[in-house]
Amino acid sequence: MTDLAPPLGHRLRWTFTDGLTLVGRELGRLRHAPGEIVAALIFPAVMVVLFGYVFGSAIQVPDGGDYREYLMPGLFAMVTFSAWLGVMTRTAADASRGVMDRFRSMPMARLAVPFGQTGADLLTGLLMLAMMVGTGLLVGWQPHRGLIPTVQAFLLMIVLRYALSWVGVYVGLAVKNEQVADAMVPLGLPFTMLSNAFVPTDGMPGWLRFLSDWNPVSALTAASRELFGNPGAPSGNVAWPLVHPVTTILLWSAALLVIFVPLSLRAYMRRGR
């Protein structure tokens, strides 16, 4: 019997090409919603100014140092972990409005639709990150360890953001409609706040510090502070993720991709049944 399935290389090119088309579709949608773009770009700047100056007047940085330099890696981590929320709401909206069904009826690669969602989020995430970096530089933050560690820190954020966006695709396909997805967005705030992003964890109760130290937001924040050379190195009885934060984030990213890429594909294919 002749195998009529196209070669693997052809399928990968097909997926990549269709996915880029859908990335363009997502970016085109944003072009027709300038308010959403403006809000996405202004939000990081507002966060820097609000937390940097409001919290900065009341919090002492461990071992001294400027609070805004302590804060910026935490804000980078917060923006990174918000990725899955935006992807979740957009995916749920497309699914509930029948857009996914229309895509599924077209002759396109199965992975192209979630690839388009995650790819578009990666590009918008880079814009948000650039805006936050610019604002941070204006308020006095700067990396101190040179170009290579700085690039490594930002690459770590990008890799984790992309992995988290697949979580958003899966959850967006799993929820019933976009109203349910919108109701889940506030749940992301406690997750990011329960970390070392804004305040040291040394003064927390033992059980709360345990949760905070093992929160991946804390690991990304610690890795960024280490690579940027910013103040805030953990002290005392430090949990393993904070001793090896870079390794922790790479493991989290790999695990999320291994789990949620196939789950997202399966959920997308089963959505129309």
# chains A, B, ... in the order shown; residues from 1 in each chain; ligands from 1

$ residues_around --residues "Met131 (chain A)" --least-positions-apart "3" --cutoff "9 Å" --atoms "only C-alpha atoms" --output "list of chain:residue names"
A:Leu41, A:Ile42, A:Pro44, A:Ala45, A:Leu126, A:Leu127, A:Met128, A:Gly134, A:Thr135, A:Gly136

$ write_last_selection --atoms "all heavy atoms" --output "PDB file, in the first residue's frame"
ATOM      1  N   LEU A  41       0.538  48.837  25.621  1.00  0.00           N
ATOM      2  CA  LEU A  41       1.828  49.509  25.703  1.00  0.00           C
ATOM      3  C   LEU A  41       1.932  50.424  26.915  1.00  0.00           C
ATOM      4  O   LEU A  41       3.014  50.604  27.479  1.00  0.00           O
ATOM      5  CB  LEU A  41       2.079  50.296  24.414  1.00  0.00           C
ATOM      6  CG  LEU A  41       2.258  49.464  23.137  1.00  0.00           C
ATOM      7  CD1 LEU A  41       2.460  50.372  21.941  1.00  0.00           C
ATOM      8  CD2 LEU A  41       3.415  48.495  23.271  1.00  0.00           C
ATOM      9  N   ILE A  42       0.818  51.010  27.305  1.00  0.00           N
ATOM     10  CA  ILE A  42       0.844  51.927  28.443  1.00  0.00           C
ATOM     11  C   ILE A  42       0.891  51.173  29.765  1.00  0.00           C
ATOM     12  O   ILE A  42       1.519  51.621  30.728  1.00  0.00           O
ATOM     13  CB  ILE A  42      -0.377  52.865  28.405  1.00  0.00           C
ATOM     14  CG1 ILE A  42      -0.227  53.857  27.242  1.00  0.00           C
ATOM     15  CG2 ILE A  42      -0.540  53.620  29.709  1.00  0.00           C
ATOM     16  CD1 ILE A  42      -1.374  54.813  27.110  1.00  0.00           C
ATOM     17  N   PRO A  44       2.566  48.551  30.955  1.00  0.00           N
ATOM     18  CA  PRO A  44       3.875  48.348  31.606  1.00  0.00           C
ATOM     19  C   PRO A  44       4.439  49.636  32.190  1.00  0.00           C
ATOM     20  O   PRO A  44       5.033  49.616  33.274  1.00  0.00           O
ATOM     21  CB  PRO A  44       4.752  47.825  30.459  1.00  0.00           C
ATOM     22  CG  PRO A  44       3.799  47.241  29.484  1.00  0.00           C
ATOM     23  CD  PRO A  44       2.577  48.098  29.553  1.00  0.00           C
ATOM     24  N   ALA A  45       4.279  50.761  31.474  1.00  0.00           N
ATOM     25  CA  ALA A  45       4.803  52.026  31.981  1.00  0.00           C
ATOM     26  C   ALA A  45       4.095  52.435  33.266  1.00  0.00           C
ATOM     27  O   ALA A  45       4.723  52.903  34.217  1.00  0.00           O
ATOM     28  CB  ALA A  45       4.646  53.113  30.922  1.00  0.00           C
ATOM     29  N   LEU A 126       6.865  41.119  23.025  1.00  0.00           N
ATOM     30  CA  LEU A 126       8.137  41.808  22.816  1.00  0.00           C
ATOM     31  C   LEU A 126       7.953  43.323  22.845  1.00  0.00           C
ATOM     32  O   LEU A 126       8.793  44.059  23.380  1.00  0.00           O
ATOM     33  CB  LEU A 126       8.746  41.374  21.479  1.00  0.00           C
ATOM     34  CG  LEU A 126       9.300  39.945  21.424  1.00  0.00           C
ATOM     35  CD1 LEU A 126       9.729  39.597  20.009  1.00  0.00           C
ATOM     36  CD2 LEU A 126      10.478  39.793  22.383  1.00  0.00           C
ATOM     37  N   LEU A 127       6.839  43.796  22.278  1.00  0.00           N
ATOM     38  CA  LEU A 127       6.556  45.235  22.313  1.00  0.00           C
ATOM     39  C   LEU A 127       6.341  45.714  23.756  1.00  0.00           C
ATOM     40  O   LEU A 127       6.842  46.769  24.158  1.00  0.00           O
ATOM     41  CB  LEU A 127       5.329  45.553  21.467  1.00  0.00           C
ATOM     42  CG  LEU A 127       5.502  45.432  19.951  1.00  0.00           C
ATOM     43  CD1 LEU A 127       4.171  45.678  19.243  1.00  0.00           C
ATOM     44  CD2 LEU A 127       6.548  46.430  19.451  1.00  0.00           C
ATOM     45  N   MET A 128       5.579  44.942  24.526  1.00  0.00           N
ATOM     46  CA  MET A 128       5.349  45.303  25.926  1.00  0.00           C
ATOM     47  C   MET A 128       6.659  45.303  26.708  1.00  0.00           C
ATOM     48  O   MET A 128       6.908  46.185  27.539  1.00  0.00           O
ATOM     49  CB  MET A 128       4.351  44.332  26.561  1.00  0.00           C
ATOM     50  CG  MET A 128       2.941  44.422  26.007  1.00  0.00           C
ATOM     51  SD  MET A 128       1.832  43.211  26.766  1.00  0.00           S
ATOM     52  CE  MET A 128       1.799  43.813  28.459  1.00  0.00           C
ATOM     53  N   GLY A 134      12.234  50.513  28.347  1.00  0.00           N
ATOM     54  CA  GLY A 134      12.443  51.942  28.166  1.00  0.00           C
ATOM     55  C   GLY A 134      12.021  52.743  29.382  1.00  0.00           C
ATOM     56  O   GLY A 134      12.737  53.661  29.829  1.00  0.00           O
ATOM     57  N   THR A 135      10.871  52.388  29.950  1.00  0.00           N
ATOM     58  CA  THR A 135      10.398  53.101  31.139  1.00  0.00           C
ATOM     59  C   THR A 135      11.319  52.848  32.319  1.00  0.00           C
ATOM     60  O   THR A 135      11.621  53.760  33.101  1.00  0.00           O
ATOM     61  CB  THR A 135       8.968  52.659  31.493  1.00  0.00           C
ATOM     62  OG1 THR A 135       8.139  52.779  30.341  1.00  0.00           O
ATOM     63  CG2 THR A 135       8.397  53.507  32.615  1.00  0.00           C
ATOM     64  N   GLY A 136      11.782  51.601  32.471  1.00  0.00           N
ATOM     65  CA  GLY A 136      12.695  51.278  33.555  1.00  0.00           C
ATOM     66  C   GLY A 136      13.988  52.073  33.473  1.00  0.00           C
ATOM     67  O   GLY A 136      14.499  52.562  34.484  1.00  0.00           O
TER      68      GLY A 136
END

$ residues_around --residues "Leu50 (chain A)" --least-positions-apart "4" --cutoff "12 Å" --atoms "only C-alpha atoms" --output "list in words"
Phe43, Pro44, Ala45, Val46, Val54, Phe55, Gly56, Ser57, Arg68, Leu71, Met72, Leu75, Thr135, Gly136, Val139 and Phe198 of chain A

$ residues_around --residues "region 85-90 of chain A" --least-positions-apart "5" --cutoff "7 Å" --atoms "only C-alpha atoms" --output "list of chain:residue names"
A:Gln117, A:Asp121, A:Ser165, A:Gly168, A:Val169, A:Val171, A:Gly172, A:Glu178, A:Ala181, A:Asp182, A:Val185

$ write_last_selection --atoms "N, CA and C atoms" --output "PDB file, in the first residue's frame"
ATOM      1  N   GLN A 117      -1.922  31.878  17.343  1.00  0.00           N
ATOM      2  CA  GLN A 117      -2.244  32.563  18.597  1.00  0.00           C
ATOM      3  C   GLN A 117      -0.987  32.806  19.424  1.00  0.00           C
ATOM      4  N   ASP A 121       1.076  36.433  20.171  1.00  0.00           N
ATOM      5  CA  ASP A 121       1.315  36.878  21.554  1.00  0.00           C
ATOM      6  C   ASP A 121       2.788  37.138  21.798  1.00  0.00           C
ATOM      7  N   SER A 165       2.074  30.763  26.814  1.00  0.00           N
ATOM      8  CA  SER A 165       1.007  31.069  25.867  1.00  0.00           C
ATOM      9  C   SER A 165       0.279  29.800  25.410  1.00  0.00           C
ATOM     10  N   GLY A 168      -2.385  29.159  27.784  1.00  0.00           N
ATOM     11  CA  GLY A 168      -3.531  29.994  27.462  1.00  0.00           C
ATOM     12  C   GLY A 168      -4.383  29.425  26.350  1.00  0.00           C
ATOM     13  N   VAL A 169      -3.744  28.872  25.328  1.00  0.00           N
ATOM     14  CA  VAL A 169      -4.500  28.263  24.228  1.00  0.00           C
ATOM     15  C   VAL A 169      -5.345  27.105  24.741  1.00  0.00           C
ATOM     16  N   VAL A 171      -6.384  26.403  27.875  1.00  0.00           N
ATOM     17  CA  VAL A 171      -7.462  26.827  28.772  1.00  0.00           C
ATOM     18  C   VAL A 171      -8.559  27.544  27.991  1.00  0.00           C
ATOM     19  N   GLY A 172      -8.165  28.374  27.016  1.00  0.00           N
ATOM     20  CA  GLY A 172      -9.151  29.063  26.196  1.00  0.00           C
ATOM     21  C   GLY A 172     -10.041  28.120  25.423  1.00  0.00           C
ATOM     22  N   GLU A 178     -16.165  32.939  26.169  1.00  0.00           N
ATOM     23  CA  GLU A 178     -15.253  34.026  26.516  1.00  0.00           C
ATOM     24  C   GLU A 178     -15.626  34.710  27.827  1.00  0.00           C
ATOM     25  N   ALA A 181     -13.760  32.886  30.409  1.00  0.00           N
ATOM     26  CA  ALA A 181     -12.341  33.245  30.317  1.00  0.00           C
ATOM     27  C   ALA A 181     -12.085  34.610  30.937  1.00  0.00           C
ATOM     28  N   ASP A 182     -12.961  35.571  30.656  1.00  0.00           N
ATOM     29  CA  ASP A 182     -12.800  36.904  31.240  1.00  0.00           C
ATOM     30  C   ASP A 182     -12.866  36.857  32.766  1.00  0.00           C
ATOM     31  N   VAL A 185      -9.492  35.931  34.442  1.00  0.00           N
ATOM     32  CA  VAL A 185      -8.330  36.820  34.341  1.00  0.00           C
ATOM     33  C   VAL A 185      -7.858  37.327  35.704  1.00  0.00           C
TER      34      VAL A 185
END

$ atom_distance --atom1 "CA of Asp101 (chain A)" --atom2 "CA of Phe260 (chain A)"
20.7 Å

$ select_by_dssp --residues "region 97-213 of chain A" --states "helix (DSSP H, G or I)" --output "ChimeraX atom specification"
/A:99-104,112-138,147-174,178-193,206-213

$ residues_around --residues "Met193 (chain A)" --least-positions-apart "2" --cutoff "10 Å" --atoms "only C-alpha atoms" --output "NGL selection string"
:A and (74 or 78 or 188-191 or 195-199 or 212 or 217-218)

$ closest_atom_pairs --of "region 114-178 of chain A" --to "region 239-253 of chain A" --cutoff "8 Å" --atoms "only C-alpha atoms" --output "tab-separated table"
residue	atom	partner	partner_atom	distance
A:Leu156	CA	A:Ile249	CA	7.4
A:Val159	CA	A:Ser253	CA	6.7
A:Leu160	CA	A:Ser253	CA	5.2
A:Ala163	CA	A:Ser253	CA	5.5
A:Leu164	CA	A:Ser253	CA	7.7

$ write_last_selection --atoms "N, CA, C and O atoms" --output "short mmCIF file (atom, residue, chain, number, x, y, z; two decimals), in the first residue's frame"
data_model
loop_
_atom_site.label_atom_id
_atom_site.label_comp_id
_atom_site.auth_asym_id
_atom_site.auth_seq_id
_atom_site.Cartn_x
_atom_site.Cartn_y
_atom_site.Cartn_z
N LEU A 156 15.34 34.29 28.42
CA LEU A 156 14.66 33.43 29.39
C LEU A 156 13.19 33.83 29.51
O LEU A 156 12.30 32.97 29.55
N VAL A 159 11.31 32.76 26.23
CA VAL A 159 11.06 31.32 26.16
C VAL A 159 9.90 30.94 27.09
O VAL A 159 9.00 30.19 26.70
N LEU A 160 9.92 31.45 28.32
CA LEU A 160 8.86 31.11 29.26
C LEU A 160 7.52 31.70 28.81
O LEU A 160 6.49 31.06 28.95
N ALA A 163 6.08 29.45 26.21
CA ALA A 163 5.55 28.22 26.81
C ALA A 163 4.22 28.49 27.52
O ALA A 163 3.27 27.70 27.40
N LEU A 164 4.13 29.59 28.24
CA LEU A 164 2.90 29.93 28.95
C LEU A 164 1.76 30.24 27.99
O LEU A 164 0.59 30.00 28.31
#

$ closest_residue --among "A:Leu137, A:Pro231, A:Pro262, A:Thr118" --to "Asp63 (chain A)" --atoms "only C-alpha atoms"
A:Pro231

$ residues_around --residues "Pro149 (chain A)" --least-positions-apart "6" --cutoff "12 Å" --atoms "only C-alpha atoms" --output "PDB file with C-alpha atoms, in the first residue's frame"
ATOM      1  CA  PRO A 143      21.554  46.005  33.991  1.00  0.00           C
ATOM      2  CA  LEU A 155      15.685  35.270  26.230  1.00  0.00           C
ATOM      3  CA  LEU A 156      14.659  33.426  29.389  1.00  0.00           C
ATOM      4  CA  ALA A 223      17.102  34.642  37.582  1.00  0.00           C
ATOM      5  CA  SER A 224      16.589  38.124  36.144  1.00  0.00           C
ATOM      6  CA  ARG A 225      18.096  39.837  39.181  1.00  0.00           C
ATOM      7  CA  GLU A 226      21.084  37.525  38.991  1.00  0.00           C
ATOM      8  CA  LEU A 227      21.647  38.085  35.257  1.00  0.00           C
ATOM      9  CA  PHE A 228      21.032  41.829  35.410  1.00  0.00           C
ATOM     10  CA  GLY A 229      23.135  42.256  38.545  1.00  0.00           C
ATOM     11  CA  ASN A 230      20.256  43.941  40.367  1.00  0.00           C
ATOM     12  CA  VAL A 246      17.816  29.740  35.464  1.00  0.00           C
TER      13      VAL A 246
END

$ atom_distance --atom1 "CA of Gly203 (chain A)" --atom2 "CA of Tyr53 (chain A)"
21.6 Å

$ closest_residue --among "A:Arg145, A:Thr17, A:Phe81, A:Val61" --to "Gly116 (chain A)" --atoms "only C-alpha atoms"
A:Thr17

$ closest_residue --among "A:Ala112, A:Ala267, A:Val258, A:Val151" --to "Ala174 (chain A)" --atoms "only C-alpha atoms"
A:Ala267

$ closest_residue --among "A:Met204, A:Val49, A:Ala83, A:Leu173" --to "Met100 (chain A)" --atoms "only C-alpha atoms"
A:Leu173

$ atom_distance --atom1 "CA of Ala255 (chain A)" --atom2 "CA of Val167 (chain A)"
11.1 Å

$ closest_residue --among "A:Met269, A:Ala222, A:Ala183, A:Leu129" --to "Phe76 (chain A)" --atoms "only C-alpha atoms"
A:Leu129

$ closest_residue --among "A:Val175, A:Val238, A:Ile259, A:Leu138" --to "Ala219 (chain A)" --atoms "only C-alpha atoms"
A:Val238

$ decode --residues "region 79-98 of chain A" --atoms "N, CA, C and O atoms" --output "mmCIF file, in the first residue's frame"
data_model
loop_
_atom_site.group_PDB
_atom_site.id
_atom_site.type_symbol
_atom_site.label_atom_id
_atom_site.label_comp_id
_atom_site.auth_asym_id
_atom_site.auth_seq_id
_atom_site.Cartn_x
_atom_site.Cartn_y
_atom_site.Cartn_z
ATOM 1 N N VAL A 79 4.830 40.638 33.777
ATOM 2 C CA VAL A 79 4.354 40.770 32.396
ATOM 3 C C VAL A 79 4.503 39.451 31.655
ATOM 4 O O VAL A 79 3.641 39.056 30.859
ATOM 5 N N THR A 80 5.595 38.737 31.911
ATOM 6 C CA THR A 80 5.794 37.435 31.264
ATOM 7 C C THR A 80 4.694 36.457 31.630
ATOM 8 O O THR A 80 4.139 35.763 30.768
ATOM 9 N N PHE A 81 4.319 36.419 32.899
ATOM 10 C CA PHE A 81 3.316 35.457 33.344
ATOM 11 C C PHE A 81 1.897 35.876 33.001
ATOM 12 O O PHE A 81 0.964 35.085 33.144
ATOM 13 N N SER A 82 1.730 37.112 32.538
ATOM 14 C CA SER A 82 0.394 37.519 32.092
ATOM 15 C C SER A 82 0.079 37.016 30.695
ATOM 16 O O SER A 82 -1.045 37.168 30.216
ATOM 17 N N ALA A 83 1.068 36.404 30.026
ATOM 18 C CA ALA A 83 0.888 35.985 28.637
ATOM 19 C C ALA A 83 -0.295 35.043 28.468
ATOM 20 O O ALA A 83 -1.120 35.210 27.562
ATOM 21 N N TRP A 84 -0.396 34.050 29.348
ATOM 22 C CA TRP A 84 -1.417 33.027 29.138
ATOM 23 C C TRP A 84 -2.822 33.593 29.280
ATOM 24 O O TRP A 84 -3.765 33.083 28.666
ATOM 25 N N LEU A 85 -2.978 34.680 30.042
ATOM 26 C CA LEU A 85 -4.308 35.253 30.244
ATOM 27 C C LEU A 85 -4.839 35.889 28.959
ATOM 28 O O LEU A 85 -5.993 35.690 28.574
ATOM 29 N N GLY A 86 -3.986 36.660 28.282
ATOM 30 C CA GLY A 86 -4.417 37.275 27.034
ATOM 31 C C GLY A 86 -4.704 36.250 25.960
ATOM 32 O O GLY A 86 -5.700 36.351 25.230
ATOM 33 N N VAL A 87 -3.838 35.246 25.830
ATOM 34 C CA VAL A 87 -4.063 34.189 24.835
ATOM 35 C C VAL A 87 -5.333 33.418 25.163
ATOM 36 O O VAL A 87 -6.105 33.053 24.269
ATOM 37 N N MET A 88 -5.556 33.174 26.430
ATOM 38 C CA MET A 88 -6.765 32.446 26.845
ATOM 39 C C MET A 88 -8.030 33.178 26.417
ATOM 40 O O MET A 88 -8.947 32.572 25.840
ATOM 41 N N THR A 89 -8.115 34.477 26.672
ATOM 42 C CA THR A 89 -9.337 35.216 26.335
ATOM 43 C C THR A 89 -9.536 35.303 24.822
ATOM 44 O O THR A 89 -10.661 35.169 24.339
ATOM 45 N N ARG A 90 -8.459 35.511 24.065
ATOM 46 C CA ARG A 90 -8.602 35.587 22.605
ATOM 47 C C ARG A 90 -8.994 34.240 22.020
ATOM 48 O O ARG A 90 -9.830 34.159 21.108
ATOM 49 N N THR A 91 -8.396 33.171 22.533
ATOM 50 C CA THR A 91 -8.737 31.833 22.035
ATOM 51 C C THR A 91 -10.179 31.480 22.372
ATOM 52 O O THR A 91 -10.915 30.947 21.534
ATOM 53 N N ALA A 92 -10.600 31.784 23.601
ATOM 54 C CA ALA A 92 -11.983 31.505 23.995
ATOM 55 C C ALA A 92 -12.968 32.313 23.161
ATOM 56 O O ALA A 92 -14.042 31.815 22.776
ATOM 57 N N ALA A 93 -12.617 33.558 22.845
ATOM 58 C CA ALA A 93 -13.497 34.387 22.014
ATOM 59 C C ALA A 93 -13.637 33.798 20.618
ATOM 60 O O ALA A 93 -14.745 33.703 20.072
ATOM 61 N N ASP A 94 -12.526 33.381 20.007
ATOM 62 C CA ASP A 94 -12.588 32.774 18.670
ATOM 63 C C ASP A 94 -13.378 31.480 18.687
ATOM 64 O O ASP A 94 -14.152 31.188 17.756
ATOM 65 N N ALA A 95 -13.197 30.687 19.746
ATOM 66 C CA ALA A 95 -13.906 29.406 19.831
ATOM 67 C C ALA A 95 -15.407 29.609 20.000
ATOM 68 O O ALA A 95 -16.221 28.940 19.352
ATOM 69 N N SER A 96 -15.805 30.537 20.859
ATOM 70 C CA SER A 96 -17.231 30.738 21.130
ATOM 71 C C SER A 96 -17.951 31.432 19.978
ATOM 72 O O SER A 96 -19.165 31.285 19.823
ATOM 73 N N ARG A 97 -17.233 32.181 19.149
ATOM 74 C CA ARG A 97 -17.856 32.888 18.027
ATOM 75 C C ARG A 97 -17.841 32.093 16.728
ATOM 76 O O ARG A 97 -18.256 32.582 15.685
ATOM 77 N N GLY A 98 -17.333 30.883 16.782
ATOM 78 C CA GLY A 98 -17.344 30.033 15.599
ATOM 79 C C GLY A 98 -16.147 30.204 14.687
ATOM 80 O O GLY A 98 -16.091 29.570 13.625
#
